[in-house]
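Colleague: Sending over data_7.pdb (PDB, C-alpha atoms).
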```pdb
ATOM      1  CA  MET A   1     -10.147 -22.744  -6.534
ATOM      2  CA  SER A   2      -7.151 -20.415  -6.526
ATOM      3  CA  GLN A   3      -4.369 -20.674  -3.993
ATOM      4  CA  ARG A   4      -4.798 -18.189  -1.146
ATOM      5  CA  ILE A   5      -1.835 -16.432   0.366
ATOM      6  CA  ASN A   6      -2.149 -14.870   3.816
ATOM      7  CA  ASN A   7      -2.976 -11.413   2.524
ATOM      8  CA  ILE A   8      -4.406  -8.726   4.720
ATOM      9  CA  VAL A   9      -5.914  -7.064   1.666
ATOM     10  CA  GLN A  10      -8.462  -9.034  -0.337
ATOM     11  CA  LEU A  11      -8.953  -7.697  -3.856
ATOM     12  CA  PRO A  12     -10.987  -8.952  -6.801
ATOM     13  CA  ARG A  13      -9.106 -11.463  -8.937
ATOM     14  CA  LYS A  14      -9.187  -9.200 -12.011
ATOM     15  CA  LEU A  15      -7.603  -5.807 -11.459
ATOM     16  CA  PRO A  16      -8.721  -2.647 -13.283
ATOM     17  CA  LYS A  17      -6.628  -1.639 -16.278
ATOM     18  CA  GLN A  18      -6.049   1.805 -14.748
ATOM     19  CA  LEU A  19      -3.535   0.144 -12.407
ATOM     20  CA  ARG A  20      -1.344  -1.210 -15.223
ATOM     21  CA  PRO A  21       1.133   1.746 -15.256
ATOM     22  CA  LEU A  22       1.928   1.131 -11.571
ATOM     23  CA  PHE A  23       3.261  -2.337 -12.377
ATOM     24  CA  TRP A  24       5.815  -1.451 -15.032
ATOM     25  CA  ASP A  25       8.194  -4.043 -13.541
ATOM     26  CA  THR A  26       5.651  -6.865 -13.270
ATOM     27  CA  PRO A  27       3.670  -8.765 -15.917
ATOM     28  CA  PHE A  28       0.294  -7.137 -15.236
ATOM     29  CA  HIS A  29      -1.654  -9.966 -16.868
ATOM     30  CA  ARG A  30      -0.231 -12.349 -14.235
ATOM     31  CA  LEU A  31      -1.294 -10.273 -11.248
ATOM     32  CA  ASN A  32      -4.235 -11.702  -9.368
ATOM     33  CA  GLY A  33      -5.934  -9.561  -6.754
ATOM     34  CA  GLU A  34      -6.850 -12.614  -4.696
ATOM     35  CA  THR A  35      -3.296 -13.898  -4.343
ATOM     36  CA  HIS A  36      -1.334 -10.654  -4.687
ATOM     37  CA  GLY A  37      -3.604  -8.350  -2.671
ATOM     38  CA  ASP A  38      -0.994  -6.978  -0.281
ATOM     39  CA  PHE A  39       1.540  -6.375  -3.065
ATOM     40  CA  VAL A  40      -1.027  -4.572  -5.225
ATOM     41  CA  ALA A  41      -2.331  -2.474  -2.324
ATOM     42  CA  GLN A  42       1.182  -1.425  -1.277
ATOM     43  CA  ARG A  43       2.037  -0.355  -4.813
ATOM     44  CA  VAL A  44      -1.184   1.642  -5.142
ATOM     45  CA  LEU A  45      -0.590   3.356  -1.787
ATOM     46  CA  GLU A  46       3.030   4.139  -2.725
ATOM     47  CA  ALA A  47       2.661   5.255  -6.333
ATOM     48  CA  GLY A  48      -1.004   5.390  -7.275
ATOM     49  CA  ASP A  49      -2.791   8.483  -8.455
ATOM     50  CA  TRP A  50      -5.826   9.758  -6.567
ATOM     51  CA  GLU A  51      -8.276   7.734  -8.691
ATOM     52  CA  SER A  52      -6.381   4.504  -8.019
ATOM     53  CA  ILE A  53      -6.213   5.228  -4.296
ATOM     54  CA  LYS A  54      -9.951   5.965  -4.201
ATOM     55  CA  TRP A  55     -10.625   2.676  -6.028
ATOM     56  CA  LEU A  56      -8.471   0.811  -3.496
ATOM     57  CA  CYS A  57     -10.165   2.412  -0.484
ATOM     58  CA  ARG A  58     -13.668   1.788  -1.891
ATOM     59  CA  THR A  59     -12.830  -1.803  -2.797
ATOM     60  CA  VAL A  60     -11.039  -2.833   0.391
ATOM     61  CA  GLY A  61     -12.029  -0.379   3.098
ATOM     62  CA  ASP A  62      -9.792   1.489   5.483
ATOM     63  CA  GLU A  63      -9.217  -1.152   8.164
ATOM     64  CA  PRO A  64      -7.301  -3.714   6.032
ATOM     65  CA  LEU A  65      -5.176  -0.944   4.492
ATOM     66  CA  LYS A  66      -4.413   0.447   7.929
ATOM     67  CA  ARG A  67      -3.387  -3.030   9.138
ATOM     68  CA  LEU A  68      -1.161  -3.481   6.060
ATOM     69  CA  VAL A  69       0.637  -0.182   6.680
ATOM     70  CA  GLU A  70       1.043  -1.092  10.356
ATOM     71  CA  LYS A  71       2.412  -4.528   9.462
ATOM     72  CA  CYS A  72       5.003  -2.937   7.148
ATOM     73  CA  HIS A  73       5.737  -0.075   9.562
ATOM     74  CA  GLY A  74       5.000   2.365   6.743
ATOM     75  CA  ARG A  75       7.818   1.008   4.600
ATOM     76  CA  GLY A  76       7.685   2.318   1.045
ATOM     77  CA  LEU A  77       5.569   5.353   1.897
ATOM     78  CA  SER A  78       7.016   8.846   1.911
ATOM     79  CA  ARG A  79       6.914  11.009   5.031
ATOM     80  CA  GLU A  80       4.065  12.998   3.511
ATOM     81  CA  GLN A  81       2.093   9.871   2.618
ATOM     82  CA  LEU A  82       2.561   8.469   6.120
ATOM     83  CA  ARG A  83       1.401  11.703   7.726
ATOM     84  CA  PHE A  84      -1.660  11.721   5.441
ATOM     85  CA  TRP A  85      -2.607   8.165   6.416
ATOM     86  CA  GLN A  86      -1.828   8.934  10.062
ATOM     87  CA  ALA A  87      -4.490  11.653   9.954
ATOM     88  CA  MET A  88      -6.985   9.608   7.912
ATOM     89  CA  TRP A  89      -6.745   6.449  10.010
ATOM     90  CA  LYS A  90      -5.957   8.129  13.334
ATOM     91  CA  LEU A  91      -2.667   6.269  13.692
ATOM     92  CA  PRO A  92      -0.825   7.191  16.890
ATOM     93  CA  LYS A  93       1.714   9.968  16.266
ATOM     94  CA  ARG A  94       4.247   8.182  18.473
ATOM     95  CA  THR A  95       4.002   5.060  16.272
ATOM     96  CA  VAL A  96       4.392   6.946  12.989
ATOM     97  CA  ASP A  97       7.272   8.972  14.448
ATOM     98  CA  ALA A  98       9.021   5.701  15.385
ATOM     99  CA  TRP A  99       8.579   4.369  11.846
ATOM    100  CA  LEU A 100       9.970   7.585  10.387
ATOM    101  CA  ASN A 101      12.940   7.558  12.774
ATOM    102  CA  ALA A 102      13.740   3.868  12.305
ATOM    103  CA  GLU A 103      17.296   2.918  11.425
ATOM    104  CA  GLY A 104      17.708   2.690   7.665
ATOM    105  CA  ARG A 105      14.710   4.933   6.965
ATOM    106  CA  GLU A 106      16.907   7.900   6.003
ATOM    107  CA  ILE A 107      18.146   5.950   2.964
ATOM    108  CA  TRP A 108      14.569   5.617   1.659
ATOM    109  CA  ASP A 109      13.788   9.273   2.448
ATOM    110  CA  ARG A 110      16.810  10.518   0.492
ATOM    111  CA  ARG A 111      15.878   8.317  -2.473
ATOM    112  CA  ALA A 112      12.184   9.234  -2.453
ATOM    113  CA  GLY A 113      12.604  12.930  -1.643
TER
END
```
Is it possible to express this structure as structure tokens?
Modeller:
Amino acid sequence: MSQRINNIVQLPRKLPKQLRPLFWDTPFHRLNGETHGDFVAQRVLEAGDWESIKWLCRTVGDEPLKRLVEKCHGRGLSREQLRFWQAMWKLPKRTVDAWLNAEGREIWDRRAG
């Protein structure tokens, strides 16, 4: 039995090879979807192509991904990505606006934009 971490996102242990390019800074062969679910999901949401995002949404479902983004206050996602997920998951505009206006956010926006 593998060690479980308190992940919101539960992924299959073995990740699809199509995700490998997203983890250029991590030994892909050591990633385990069961123990690294939140990390993998965040990376796919931040940098994944449309096929990877569709795989993630089909595999996990919208509710856990929504909870993960809420837990992280949208950290790591661009303004455009956050607005997309706001519309898809019906996140309150006031909440997303607060995340986007949070202190320190402008540093990320300048780097990502």
Colleague: (-0.9, 2.3, -3.9) in this file's frame - what residues fall within 10 Å of it? Use all atoms listed in the file and give the answer as a list in words.
Modeller: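 Output of the proximity query reads Leu19, Leu22, Asp38, Phe39, Val40, Ala41, Gln42, Arg43, Val44, Leu45, Glu46, Ala47, Gly48, Asp49, Trp50, Ser52, Ile53, Lys54, Trp55, Leu56, Cys57, Leu65, Gly76 and Leu77 of chain A.
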Colleague: Work out how far apart CA of Pro16 (chain A) and CA of Gly33 (chain A) are and give it in Å to one decimal.
Modeller: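 Atom-to-atom, CA of Pro16 (chain A) and CA of Gly33 (chain A) are spaced 9.9 Å apart.
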Colleague: Under the PyMOL selection byres ((chain A and resi 99) around 12), which residues of this model are included? Write them out as a ChimeraX atom specification.
Modeller: /A:69-79,82-83,86,91-98,100-106,108-109
Colleague: Pick out the closest residue to Thr35 (chain A) from this set: A:Thr59, A:Gln18, A:Asn6, A:Gln81. Count all atoms listed in the file.
Modeller: A:Asn6
Colleague: Between CA of Lys14 (chain A) and CA of Lys66 (chain A), what distance in Å does the model show, to one decimal?
Modeller: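 Computing the Euclidean distance for CA of Lys14 (chain A) and CA of Lys66 (chain A) yields 22.7 Å.
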Colleague: Can you measure CA of Phe84 (chain A) to CA of Leu31 (chain A) for me? One decimal in Å is fine.
Modeller: 27.6 Å
Colleague: I need the residue nearest Glu34 (chain A) from this list: A:Arg13, A:Ile8, A:Pro21, A:Lys90. Use only C-alpha atoms for the distance.
Modeller: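 Among A:Arg13, A:Ile8, A:Pro21, A:Lys90, it is A:Arg13 that comes nearest to Glu34 (chain A).
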Colleague: For each of A:Glu51, A:Glu63, A:Trp89, A:Gly37, take the minimum atom-to-atom distance to Leu11 (chain A), counting all atoms listed in the file, then give the residue where this is smallest.
Modeller: A:Gly37
Colleague: Edge lengths and centre, in Å to one decimal, as lines of an AutoDock Vina configuration file: that's what I need for the box along x, y and z that holds all listed atoms of region 19-26 of chain A plus 3 Å on each side.
Modeller:
```
center_x = 2.3
center_y = -2.6
center_z = -13.4
size_x = 17.7
size_y = 14.6
size_z = 9.7
```
